[in-house]
Amino acid sequence: MRIEIRELQDADIEILAQMEAEAFSMPWTAQDFRGLLERSYCFYLVALADGEIAGCCGYTDLCGEADIDNVVVGSRYRNQGVAQAMLEELIARGEARGVEAFTLEVRVSNAAAIHIYQKYGFRSEGIRPGFYEKPREDAMIMWRRKFK
């Protein structure tokens, strides 16, 4: 499988909204994704697997700190390196744009995602009790900081 990473485009939005609905209990809508294209402080990438949309991830830049607010991979593309490829590219492009730290929240039960984030230098720095709904669950707060 050939994975290509590129910036989010308007034509991707409907497929990503469907992917979100399949993956999450509180999914982002097409309107949520469209809003990202209008905000200069948001940066989103899409993964293509053999030319088909396989996932999306991105961040909101908060004065040089990037809050990775969404990572989604389609069910048929999971465990095939798509999330890792997106995360690697997101970090590289973010650093090239001056981002010095990345943060995210992840369900404490999502061991697979936590493992990927740790592989890319993210470390747990706390817990947000009851952060997620449907089902209610704590979030692990993870940071990847660029030390000078």
# chains A, B, ... in the order shown; residues from 1 in each chain; ligands from 1
$ residues_around --residues "Glu95 (chain A)" --least-positions-apart "4" --cutoff "12 Å" --atoms "only C-alpha atoms" --output "PDB file with C-alpha atoms, in the first residue's frame"
ATOM      1  CA  ASP A  61      -1.765  26.510  16.469  1.00  0.00           C
ATOM      2  CA  GLY A  64       3.598  28.115  18.725  1.00  0.00           C
ATOM      3  CA  GLU A  65       1.959  25.242  20.601  1.00  0.00           C
ATOM      4  CA  ALA A  66      -0.069  22.881  18.461  1.00  0.00           C
ATOM      5  CA  GLU A  88       5.198  12.062  11.340  1.00  0.00           C
ATOM      6  CA  GLU A  89       4.299  14.469   8.528  1.00  0.00           C
ATOM      7  CA  LEU A  90       2.180  16.658  10.824  1.00  0.00           C
ATOM      8  CA  ILE A  91       5.065  17.057  13.281  1.00  0.00           C
ATOM      9  CA  VAL A  99       5.625  24.926  16.286  1.00  0.00           C
ATOM     10  CA  GLU A 100       7.750  24.139  19.347  1.00  0.00           C
ATOM     11  CA  ALA A 101       5.360  21.851  21.251  1.00  0.00           C
ATOM     12  CA  PHE A 102       2.484  19.537  20.421  1.00  0.00           C
ATOM     13  CA  ARG A 144       5.823  16.500  22.766  1.00  0.00           C
ATOM     14  CA  ARG A 145       8.119  19.406  23.512  1.00  0.00           C
ATOM     15  CA  LYS A 146      11.060  20.682  21.514  1.00  0.00           C
TER      16      LYS A 146
END
$ select_by_dssp --residues "region 95-128 of chain A" --states "helix (DSSP H, G or I)" --output "list of chain:residue names"
A:Glu95, A:Ala96, A:Ala111, A:Ala112, A:Ala113, A:Ile114, A:His115, A:Ile116, A:Tyr117, A:Gln118, A:Lys119
$ residues_around --residues "region 127-138 of chain A" --least-positions-apart "6" --cutoff "7 Å" --atoms "only C-alpha atoms" --output "PyMOL selection string"
chain A and resi 25+107-108
$ write_last_selection --atoms "all heavy atoms" --output "short mmCIF file (atom, residue, chain, number, x, y, z; two decimals), in the first residue's frame"
data_model
loop_
_atom_site.label_atom_id
_atom_site.label_comp_id
_atom_site.auth_asym_id
_atom_site.auth_seq_id
_atom_site.Cartn_x
_atom_site.Cartn_y
_atom_site.Cartn_z
N SER A 25 -18.06 8.31 18.70
CA SER A 25 -19.41 8.48 19.24
C SER A 25 -19.87 9.93 19.16
O SER A 25 -21.07 10.19 19.19
CB SER A 25 -19.46 7.98 20.69
OG SER A 25 -18.57 8.73 21.50
N ARG A 107 -8.06 8.91 24.83
CA ARG A 107 -8.75 8.07 25.82
C ARG A 107 -7.72 7.19 26.53
O ARG A 107 -6.86 6.60 25.88
CB ARG A 107 -9.80 7.18 25.16
CG ARG A 107 -11.05 7.91 24.72
CD ARG A 107 -12.08 6.94 24.13
NE ARG A 107 -13.25 7.65 23.68
CZ ARG A 107 -14.30 7.94 24.45
NH1 ARG A 107 -14.34 7.54 25.70
NH2 ARG A 107 -15.33 8.60 23.95
N VAL A 108 -7.84 7.10 27.85
CA VAL A 108 -6.87 6.31 28.60
C VAL A 108 -6.90 4.83 28.20
O VAL A 108 -5.91 4.12 28.37
CB VAL A 108 -7.06 6.47 30.13
CG1 VAL A 108 -6.73 7.88 30.58
CG2 VAL A 108 -8.44 6.05 30.58
#
$ residues_around --residues "Glu22 (chain A)" --least-positions-apart "4" --cutoff "12 Å" --atoms "only C-alpha atoms" --output "list in words"
Ile15, Leu16, Ala17, Gln18, Met26, Pro27, Trp28, Thr29, Val72, Val73, Gly74, Ser75 and Arg76 of chain A
$ write_last_selection --atoms "all heavy atoms" --output "compact mmCIF listing (two decimals), in the first residue's frame"
# COMPACT_ATOMS: atom_id res chain seq x y z
N ILE A 15 -16.26 12.69 2.70
CA ILE A 15 -15.72 11.37 3.02
C ILE A 15 -15.19 11.35 4.45
O ILE A 15 -15.41 10.39 5.20
CB ILE A 15 -14.62 10.97 2.03
CG1 ILE A 15 -15.24 10.76 0.64
CG2 ILE A 15 -13.87 9.73 2.48
CD1 ILE A 15 -14.25 10.63 -0.48
N LEU A 16 -14.50 12.43 4.86
CA LEU A 16 -13.97 12.48 6.22
C LEU A 16 -15.09 12.53 7.26
O LEU A 16 -14.98 11.92 8.32
CB LEU A 16 -13.03 13.68 6.38
CG LEU A 16 -11.72 13.55 5.62
CD1 LEU A 16 -10.95 14.85 5.67
CD2 LEU A 16 -10.88 12.40 6.17
N ALA A 17 -16.16 13.24 6.96
CA ALA A 17 -17.30 13.29 7.89
C ALA A 17 -17.91 11.90 8.06
O ALA A 17 -18.27 11.51 9.18
CB ALA A 17 -18.34 14.30 7.41
N GLN A 18 -17.99 11.14 6.99
CA GLN A 18 -18.50 9.76 7.08
C GLN A 18 -17.55 8.89 7.90
O GLN A 18 -17.97 8.08 8.73
CB GLN A 18 -18.67 9.16 5.68
CG GLN A 18 -19.79 9.77 4.89
CD GLN A 18 -19.81 9.25 3.45
OE1 GLN A 18 -19.01 8.41 3.04
NE2 GLN A 18 -20.72 9.80 2.65
N MET A 26 -18.95 10.87 19.09
CA MET A 26 -19.28 12.29 18.95
C MET A 26 -18.46 12.86 17.79
O MET A 26 -17.51 13.61 17.98
CB MET A 26 -19.01 13.04 20.25
CG MET A 26 -19.89 12.53 21.40
SD MET A 26 -19.62 13.38 22.95
CE MET A 26 -20.33 14.97 22.55
N PRO A 27 -18.82 12.48 16.56
CA PRO A 27 -17.99 12.82 15.40
C PRO A 27 -18.09 14.29 14.99
O PRO A 27 -19.07 14.96 15.23
CB PRO A 27 -18.57 11.93 14.30
CG PRO A 27 -20.01 11.77 14.69
CD PRO A 27 -20.00 11.72 16.20
N TRP A 28 -17.03 14.73 14.32
CA TRP A 28 -17.05 16.03 13.67
C TRP A 28 -17.95 15.92 12.45
O TRP A 28 -18.01 14.88 11.79
CB TRP A 28 -15.65 16.43 13.24
CG TRP A 28 -14.76 16.89 14.35
CD1 TRP A 28 -14.94 16.71 15.69
CD2 TRP A 28 -13.55 17.60 14.21
NE1 TRP A 28 -13.91 17.27 16.38
CE2 TRP A 28 -13.03 17.83 15.50
CE3 TRP A 28 -12.83 18.07 13.12
CZ2 TRP A 28 -11.85 18.50 15.72
CZ3 TRP A 28 -11.65 18.74 13.34
CH2 TRP A 28 -11.17 18.96 14.63
N THR A 29 -18.61 17.02 12.11
CA THR A 29 -19.48 17.07 10.95
C THR A 29 -18.73 17.65 9.76
O THR A 29 -17.63 18.20 9.90
CB THR A 29 -20.71 17.96 11.23
OG1 THR A 29 -20.25 19.30 11.43
CG2 THR A 29 -21.47 17.48 12.47
N VAL A 72 -8.07 10.71 12.75
CA VAL A 72 -9.02 9.65 12.40
C VAL A 72 -8.44 8.85 11.24
O VAL A 72 -7.84 9.40 10.32
CB VAL A 72 -10.42 10.22 12.04
CG1 VAL A 72 -10.37 11.10 10.80
CG2 VAL A 72 -11.45 9.10 11.89
N VAL A 73 -8.61 7.53 11.33
CA VAL A 73 -8.19 6.62 10.27
C VAL A 73 -9.38 5.71 9.97
O VAL A 73 -10.02 5.19 10.89
CB VAL A 73 -6.97 5.77 10.69
CG1 VAL A 73 -6.62 4.75 9.61
CG2 VAL A 73 -5.78 6.66 10.99
N GLY A 74 -9.69 5.55 8.69
CA GLY A 74 -10.78 4.68 8.29
C GLY A 74 -10.55 3.25 8.75
O GLY A 74 -9.40 2.79 8.80
N SER A 75 -11.62 2.55 9.08
CA SER A 75 -11.51 1.21 9.67
C SER A 75 -10.71 0.25 8.80
O SER A 75 -9.93 -0.55 9.33
CB SER A 75 -12.89 0.64 9.96
OG SER A 75 -13.66 0.58 8.78
N ARG A 76 -10.83 0.31 7.50
CA ARG A 76 -10.11 -0.64 6.65
C ARG A 76 -8.63 -0.30 6.50
O ARG A 76 -7.86 -1.08 5.93
CB ARG A 76 -10.79 -0.80 5.30
CG ARG A 76 -10.76 0.43 4.44
CD ARG A 76 -11.61 0.21 3.20
NE ARG A 76 -10.76 -0.05 2.07
CZ ARG A 76 -11.01 0.38 0.85
NH1 ARG A 76 -12.10 1.05 0.61
NH2 ARG A 76 -10.19 0.12 -0.12
$ residues_around --residues "Tyr44 (chain A)" --least-positions-apart "2" --cutoff "9 Å" --atoms "only C-alpha atoms" --output "number ranges by chain"
A: 6-8, 36-37, 42, 46, 56-60, 70, 90
$ write_last_selection --atoms "all heavy atoms" --output "short mmCIF file (atom, residue, chain, number, x, y, z; two decimals), in the first residue's frame"
data_model
loop_
_atom_site.label_atom_id
_atom_site.label_comp_id
_atom_site.auth_asym_id
_atom_site.auth_seq_id
_atom_site.Cartn_x
_atom_site.Cartn_y
_atom_site.Cartn_z
N ARG A 6 -1.12 14.79 2.11
CA ARG A 6 -1.27 16.13 1.54
C ARG A 6 -2.20 16.95 2.43
O ARG A 6 -2.85 16.42 3.33
CB ARG A 6 -1.80 16.06 0.11
CG ARG A 6 -3.20 15.47 0.01
CD ARG A 6 -3.82 15.83 -1.31
NE ARG A 6 -5.02 15.10 -1.60
CZ ARG A 6 -6.20 15.30 -1.01
NH1 ARG A 6 -6.34 16.19 -0.06
NH2 ARG A 6 -7.25 14.59 -1.36
N GLU A 7 -2.28 18.24 2.15
CA GLU A 7 -3.14 19.12 2.94
C GLU A 7 -4.62 18.86 2.63
O GLU A 7 -4.98 18.46 1.52
CB GLU A 7 -2.80 20.59 2.68
CG GLU A 7 -1.45 20.97 3.26
CD GLU A 7 -1.13 22.45 3.17
OE1 GLU A 7 -2.06 23.28 3.27
OE2 GLU A 7 0.06 22.77 2.99
N LEU A 8 -5.45 19.10 3.63
CA LEU A 8 -6.90 18.95 3.53
C LEU A 8 -7.44 19.84 2.42
O LEU A 8 -7.05 21.00 2.30
CB LEU A 8 -7.54 19.32 4.87
CG LEU A 8 -9.06 19.39 4.93
CD1 LEU A 8 -9.67 17.99 4.74
CD2 LEU A 8 -9.52 19.99 6.24
N LEU A 36 -12.33 24.37 9.30
CA LEU A 36 -10.87 24.30 9.39
C LEU A 36 -10.20 25.00 8.22
O LEU A 36 -9.14 25.60 8.37
CB LEU A 36 -10.42 22.83 9.42
CG LEU A 36 -10.90 21.99 10.60
CD1 LEU A 36 -10.55 20.53 10.37
CD2 LEU A 36 -10.32 22.50 11.90
N LEU A 37 -10.81 24.90 7.06
CA LEU A 37 -10.23 25.50 5.86
C LEU A 37 -10.26 27.03 5.92
O LEU A 37 -9.50 27.69 5.22
CB LEU A 37 -10.96 25.01 4.61
CG LEU A 37 -10.81 23.52 4.30
CD1 LEU A 37 -11.71 23.14 3.13
CD2 LEU A 37 -9.36 23.17 4.01
N CYS A 42 -5.35 26.82 11.81
CA CYS A 42 -5.57 25.38 11.77
C CYS A 42 -4.82 24.79 10.59
O CYS A 42 -4.78 25.37 9.50
CB CYS A 42 -7.06 25.06 11.64
SG CYS A 42 -8.03 25.49 13.09
N VAL A 46 -4.37 15.09 5.09
CA VAL A 46 -5.15 13.92 4.71
C VAL A 46 -4.19 12.86 4.22
O VAL A 46 -3.22 13.17 3.51
CB VAL A 46 -6.17 14.28 3.60
CG1 VAL A 46 -6.83 13.05 3.01
CG2 VAL A 46 -7.22 15.24 4.15
N CYS A 56 -7.19 11.42 8.39
CA CYS A 56 -6.98 12.86 8.50
C CYS A 56 -6.44 13.16 9.90
O CYS A 56 -6.79 12.47 10.87
CB CYS A 56 -8.32 13.56 8.28
SG CYS A 56 -8.29 15.36 8.47
N CYS A 57 -5.61 14.17 9.99
CA CYS A 57 -5.18 14.65 11.29
C CYS A 57 -4.76 16.10 11.17
O CYS A 57 -4.47 16.57 10.06
CB CYS A 57 -4.04 13.82 11.87
SG CYS A 57 -2.46 14.04 11.07
N GLY A 58 -4.76 16.80 12.29
CA GLY A 58 -4.36 18.18 12.23
C GLY A 58 -4.31 18.83 13.58
O GLY A 58 -4.58 18.21 14.60
N TYR A 59 -3.95 20.11 13.55
CA TYR A 59 -3.80 20.83 14.80
C TYR A 59 -4.31 22.26 14.68
O TYR A 59 -4.46 22.81 13.59
CB TYR A 59 -2.35 20.82 15.28
CG TYR A 59 -1.35 21.54 14.39
CD1 TYR A 59 -1.28 22.94 14.35
CD2 TYR A 59 -0.45 20.82 13.62
CE1 TYR A 59 -0.35 23.58 13.55
CE2 TYR A 59 0.48 21.47 12.81
CZ TYR A 59 0.52 22.85 12.79
OH TYR A 59 1.43 23.51 12.00
N THR A 60 -4.53 22.84 15.85
CA THR A 60 -4.81 24.25 16.00
C THR A 60 -3.56 24.85 16.63
O THR A 60 -3.12 24.39 17.68
CB THR A 60 -6.04 24.48 16.91
OG1 THR A 60 -7.17 23.86 16.30
CG2 THR A 60 -6.31 25.96 17.10
N ASN A 70 -7.59 16.37 16.26
CA ASN A 70 -8.29 15.27 15.60
C ASN A 70 -7.30 14.38 14.87
O ASN A 70 -6.42 14.87 14.16
CB ASN A 70 -9.32 15.82 14.60
CG ASN A 70 -10.32 14.79 14.17
OD1 ASN A 70 -10.01 13.61 14.06
ND2 ASN A 70 -11.54 15.22 13.93
N LEU A 90 2.77 15.53 10.09
CA LEU A 90 2.18 16.66 10.82
C LEU A 90 3.23 17.32 11.71
O LEU A 90 3.35 18.55 11.74
CB LEU A 90 0.99 16.19 11.67
CG LEU A 90 0.19 17.29 12.35
CD1 LEU A 90 -0.57 18.13 11.33
CD2 LEU A 90 -0.77 16.70 13.36
#
$ residues_around --residues "Trp143 (chain A)" --least-positions-apart "4" --cutoff "9 Å" --atoms "only C-alpha atoms" --output "ChimeraX atom specification"
/A:101-104,121-125
$ atom_distance --atom1 "CA of Leu45 (chain A)" --atom2 "CA of Glu4 (chain A)"
10.2 Å
$ atom_distance --atom1 "CA of Ala47 (chain A)" --atom2 "CA of Tyr120 (chain A)"
17.7 Å
$ atom_distance --atom1 "CA of His115 (chain A)" --atom2 "CA of Leu62 (chain A)"
25.1 Å
$ select_by_dssp --residues "chain A" --states "strand (DSSP E or B)" --output "PyMOL selection string"
chain A and resi 3-7+42-49+52-62+65-73+101-107+123-132+137-145
$ write_last_selection --atoms "C-alpha atoms" --output "PDB file, in the first residue's frame"
ATOM      1  CA  ILE A   3       0.577   6.223   1.497  1.00  0.00           C
ATOM      2  CA  GLU A   4       0.620   9.833   0.341  1.00  0.00           C
ATOM      3  CA  ILE A   5       0.088  12.782   2.706  1.00  0.00           C
ATOM      4  CA  ARG A   6      -1.273  16.126   1.541  1.00  0.00           C
ATOM      5  CA  GLU A   7      -3.145  19.124   2.938  1.00  0.00           C
ATOM      6  CA  CYS A  42      -5.575  25.376  11.772  1.00  0.00           C
ATOM      7  CA  PHE A  43      -3.445  22.973   9.764  1.00  0.00           C
ATOM      8  CA  TYR A  44      -4.840  19.638   8.567  1.00  0.00           C
ATOM      9  CA  LEU A  45      -3.459  16.774   6.529  1.00  0.00           C
ATOM     10  CA  VAL A  46      -5.154  13.919   4.708  1.00  0.00           C
ATOM     11  CA  ALA A  47      -3.662  10.485   4.104  1.00  0.00           C
ATOM     12  CA  LEU A  48      -4.307   8.749   0.813  1.00  0.00           C
ATOM     13  CA  ALA A  49      -3.763   4.996   0.611  1.00  0.00           C
ATOM     14  CA  GLU A  52      -8.177   6.692  -1.566  1.00  0.00           C
ATOM     15  CA  ILE A  53      -8.780   8.836   1.517  1.00  0.00           C
ATOM     16  CA  ALA A  54      -7.596   6.787   4.480  1.00  0.00           C
ATOM     17  CA  GLY A  55      -7.448   9.338   7.300  1.00  0.00           C
ATOM     18  CA  CYS A  56      -6.980  12.865   8.503  1.00  0.00           C
ATOM     19  CA  CYS A  57      -5.176  14.654  11.295  1.00  0.00           C
ATOM     20  CA  GLY A  58      -4.358  18.182  12.226  1.00  0.00           C
ATOM     21  CA  TYR A  59      -3.802  20.827  14.802  1.00  0.00           C
ATOM     22  CA  THR A  60      -4.808  24.253  16.005  1.00  0.00           C
ATOM     23  CA  ASP A  61      -1.765  26.510  16.469  1.00  0.00           C
ATOM     24  CA  LEU A  62      -1.946  28.349  19.782  1.00  0.00           C
ATOM     25  CA  GLU A  65       1.959  25.242  20.601  1.00  0.00           C
ATOM     26  CA  ALA A  66      -0.069  22.881  18.461  1.00  0.00           C
ATOM     27  CA  ASP A  67      -3.155  21.223  19.904  1.00  0.00           C
ATOM     28  CA  ILE A  68      -3.671  18.082  17.830  1.00  0.00           C
ATOM     29  CA  ASP A  69      -7.436  18.109  17.955  1.00  0.00           C
ATOM     30  CA  ASN A  70      -8.289  15.271  15.604  1.00  0.00           C
ATOM     31  CA  VAL A  71      -6.774  12.065  14.285  1.00  0.00           C
ATOM     32  CA  VAL A  72      -9.018   9.654  12.397  1.00  0.00           C
ATOM     33  CA  VAL A  73      -8.192   6.616  10.270  1.00  0.00           C
ATOM     34  CA  ALA A 101       5.360  21.851  21.251  1.00  0.00           C
ATOM     35  CA  PHE A 102       2.484  19.537  20.421  1.00  0.00           C
ATOM     36  CA  THR A 103      -0.259  18.403  22.781  1.00  0.00           C
ATOM     37  CA  LEU A 104      -3.265  16.121  22.527  1.00  0.00           C
ATOM     38  CA  GLU A 105      -5.794  14.198  24.575  1.00  0.00           C
ATOM     39  CA  VAL A 106      -6.369  10.478  24.108  1.00  0.00           C
ATOM     40  CA  ARG A 107      -8.750   8.067  25.819  1.00  0.00           C
ATOM     41  CA  ARG A 123       4.749  11.835  27.137  1.00  0.00           C
ATOM     42  CA  SER A 124       1.846  11.765  29.563  1.00  0.00           C
ATOM     43  CA  GLU A 125       1.622  14.915  31.665  1.00  0.00           C
ATOM     44  CA  GLY A 126      -1.728  14.419  33.334  1.00  0.00           C
ATOM     45  CA  ILE A 127      -5.294  13.201  33.195  1.00  0.00           C
ATOM     46  CA  ARG A 128      -8.502  15.087  32.375  1.00  0.00           C
ATOM     47  CA  PRO A 129     -11.180  13.274  34.395  1.00  0.00           C
ATOM     48  CA  GLY A 130     -14.386  12.554  32.481  1.00  0.00           C
ATOM     49  CA  PHE A 131     -13.152  14.420  29.376  1.00  0.00           C
ATOM     50  CA  TYR A 132     -14.839  12.078  26.889  1.00  0.00           C
ATOM     51  CA  GLU A 137     -13.864   8.253  30.100  1.00  0.00           C
ATOM     52  CA  ASP A 138     -10.770  10.070  31.293  1.00  0.00           C
ATOM     53  CA  ALA A 139      -8.316  11.550  28.812  1.00  0.00           C
ATOM     54  CA  MET A 140      -4.566  11.293  29.053  1.00  0.00           C
ATOM     55  CA  ILE A 141      -2.913  14.638  28.293  1.00  0.00           C
ATOM     56  CA  MET A 142       0.221  14.086  26.247  1.00  0.00           C
ATOM     57  CA  TRP A 143       2.922  16.559  25.198  1.00  0.00           C
ATOM     58  CA  ARG A 144       5.823  16.500  22.766  1.00  0.00           C
ATOM     59  CA  ARG A 145       8.119  19.406  23.512  1.00  0.00           C
TER      60      ARG A 145
END
$ closest_residue --among "A:Ile13, A:Arg97, A:Val82, A:Lys119" --to "Tyr41 (chain A)" --atoms "only C-alpha atoms"
A:Arg97
$ closest_residue --among "A:Ala112, A:Arg39, A:Phe33, A:Met1" --to "Glu14 (chain A)" --atoms "only C-alpha atoms"
A:Phe33
$ decode --residues "region 120-145 of chain A" --atoms "N, CA and C atoms" --output "tab-separated table (two decimals), in the first residue's frame"
chain	number	residue	atom	x	y	z
A	120	TYR	N	6.52	8.72	18.93
A	120	TYR	CA	6.90	10.01	18.35
A	120	TYR	C	7.23	11.07	19.40
A	121	GLY	N	7.57	10.61	20.60
A	121	GLY	CA	8.09	11.51	21.62
A	121	GLY	C	7.07	12.15	22.53
A	122	PHE	N	5.82	11.76	22.46
A	122	PHE	CA	4.80	12.30	23.36
A	122	PHE	C	4.90	11.60	24.71
A	123	ARG	N	4.71	12.37	25.78
A	123	ARG	CA	4.75	11.83	27.14
A	123	ARG	C	3.51	12.29	27.89
A	124	SER	N	3.02	11.43	28.75
A	124	SER	CA	1.85	11.77	29.56
A	124	SER	C	2.22	12.83	30.59
A	125	GLU	N	1.39	13.86	30.68
A	125	GLU	CA	1.62	14.91	31.66
A	125	GLU	C	0.38	15.18	32.51
A	126	GLY	N	-0.56	14.25	32.48
A	126	GLY	CA	-1.73	14.42	33.33
A	126	GLY	C	-2.95	13.72	32.77
A	127	ILE	N	-4.01	13.82	33.55
A	127	ILE	CA	-5.29	13.20	33.20
A	127	ILE	C	-6.38	14.26	33.28
A	128	ARG	N	-7.29	14.26	32.31
A	128	ARG	CA	-8.50	15.09	32.37
A	128	ARG	C	-9.65	14.16	32.72
A	129	PRO	N	-10.10	14.18	33.98
A	129	PRO	CA	-11.18	13.27	34.39
A	129	PRO	C	-12.48	13.54	33.62
A	130	GLY	N	-13.09	12.46	33.15
A	130	GLY	CA	-14.39	12.55	32.48
A	130	GLY	C	-14.40	13.40	31.22
A	131	PHE	N	-13.27	13.55	30.56
A	131	PHE	CA	-13.15	14.42	29.38
A	131	PHE	C	-14.04	13.94	28.22
A	132	TYR	N	-14.07	12.64	28.00
A	132	TYR	CA	-14.84	12.08	26.89
A	132	TYR	C	-16.23	11.69	27.35
A	133	GLU	N	-17.17	11.78	26.40
A	133	GLU	CA	-18.54	11.33	26.63
A	133	GLU	C	-18.83	10.19	25.66
A	134	LYS	N	-19.84	9.44	25.96
A	134	LYS	CA	-20.35	8.37	25.06
A	134	LYS	C	-19.27	7.40	24.64
A	135	PRO	N	-18.67	6.63	25.46
A	135	PRO	CA	-18.86	6.56	26.91
A	135	PRO	C	-17.97	7.55	27.64
A	136	ARG	N	-18.37	7.87	28.85
A	136	ARG	CA	-17.58	8.77	29.69
A	136	ARG	C	-16.27	8.07	30.03
A	137	GLU	N	-15.19	8.82	29.84
A	137	GLU	CA	-13.86	8.25	30.10
A	137	GLU	C	-12.87	9.39	30.31
A	138	ASP	N	-11.84	9.10	31.07
A	138	ASP	CA	-10.77	10.07	31.29
A	138	ASP	C	-9.90	10.17	30.04
A	139	ALA	N	-9.27	11.34	29.90
A	139	ALA	CA	-8.32	11.55	28.81
A	139	ALA	C	-6.92	11.69	29.39
A	140	MET	N	-5.96	11.08	28.72
A	140	MET	CA	-4.57	11.29	29.05
A	140	MET	C	-4.11	12.52	28.26
A	141	ILE	N	-3.47	13.45	28.94
A	141	ILE	CA	-2.91	14.64	28.29
A	141	ILE	C	-1.46	14.31	27.95
A	142	MET	N	-1.13	14.41	26.68
A	142	MET	CA	0.22	14.09	26.25
A	142	MET	C	0.85	15.31	25.58
A	143	TRP	N	2.16	15.45	25.78
A	143	TRP	CA	2.92	16.56	25.20
A	143	TRP	C	4.16	16.03	24.51
A	144	ARG	N	4.53	16.69	23.43
A	144	ARG	CA	5.82	16.50	22.77
A	144	ARG	C	6.44	17.88	22.69
A	145	ARG	N	7.51	18.08	23.43
A	145	ARG	CA	8.12	19.41	23.51
A	145	ARG	C	9.48	19.40	22.84
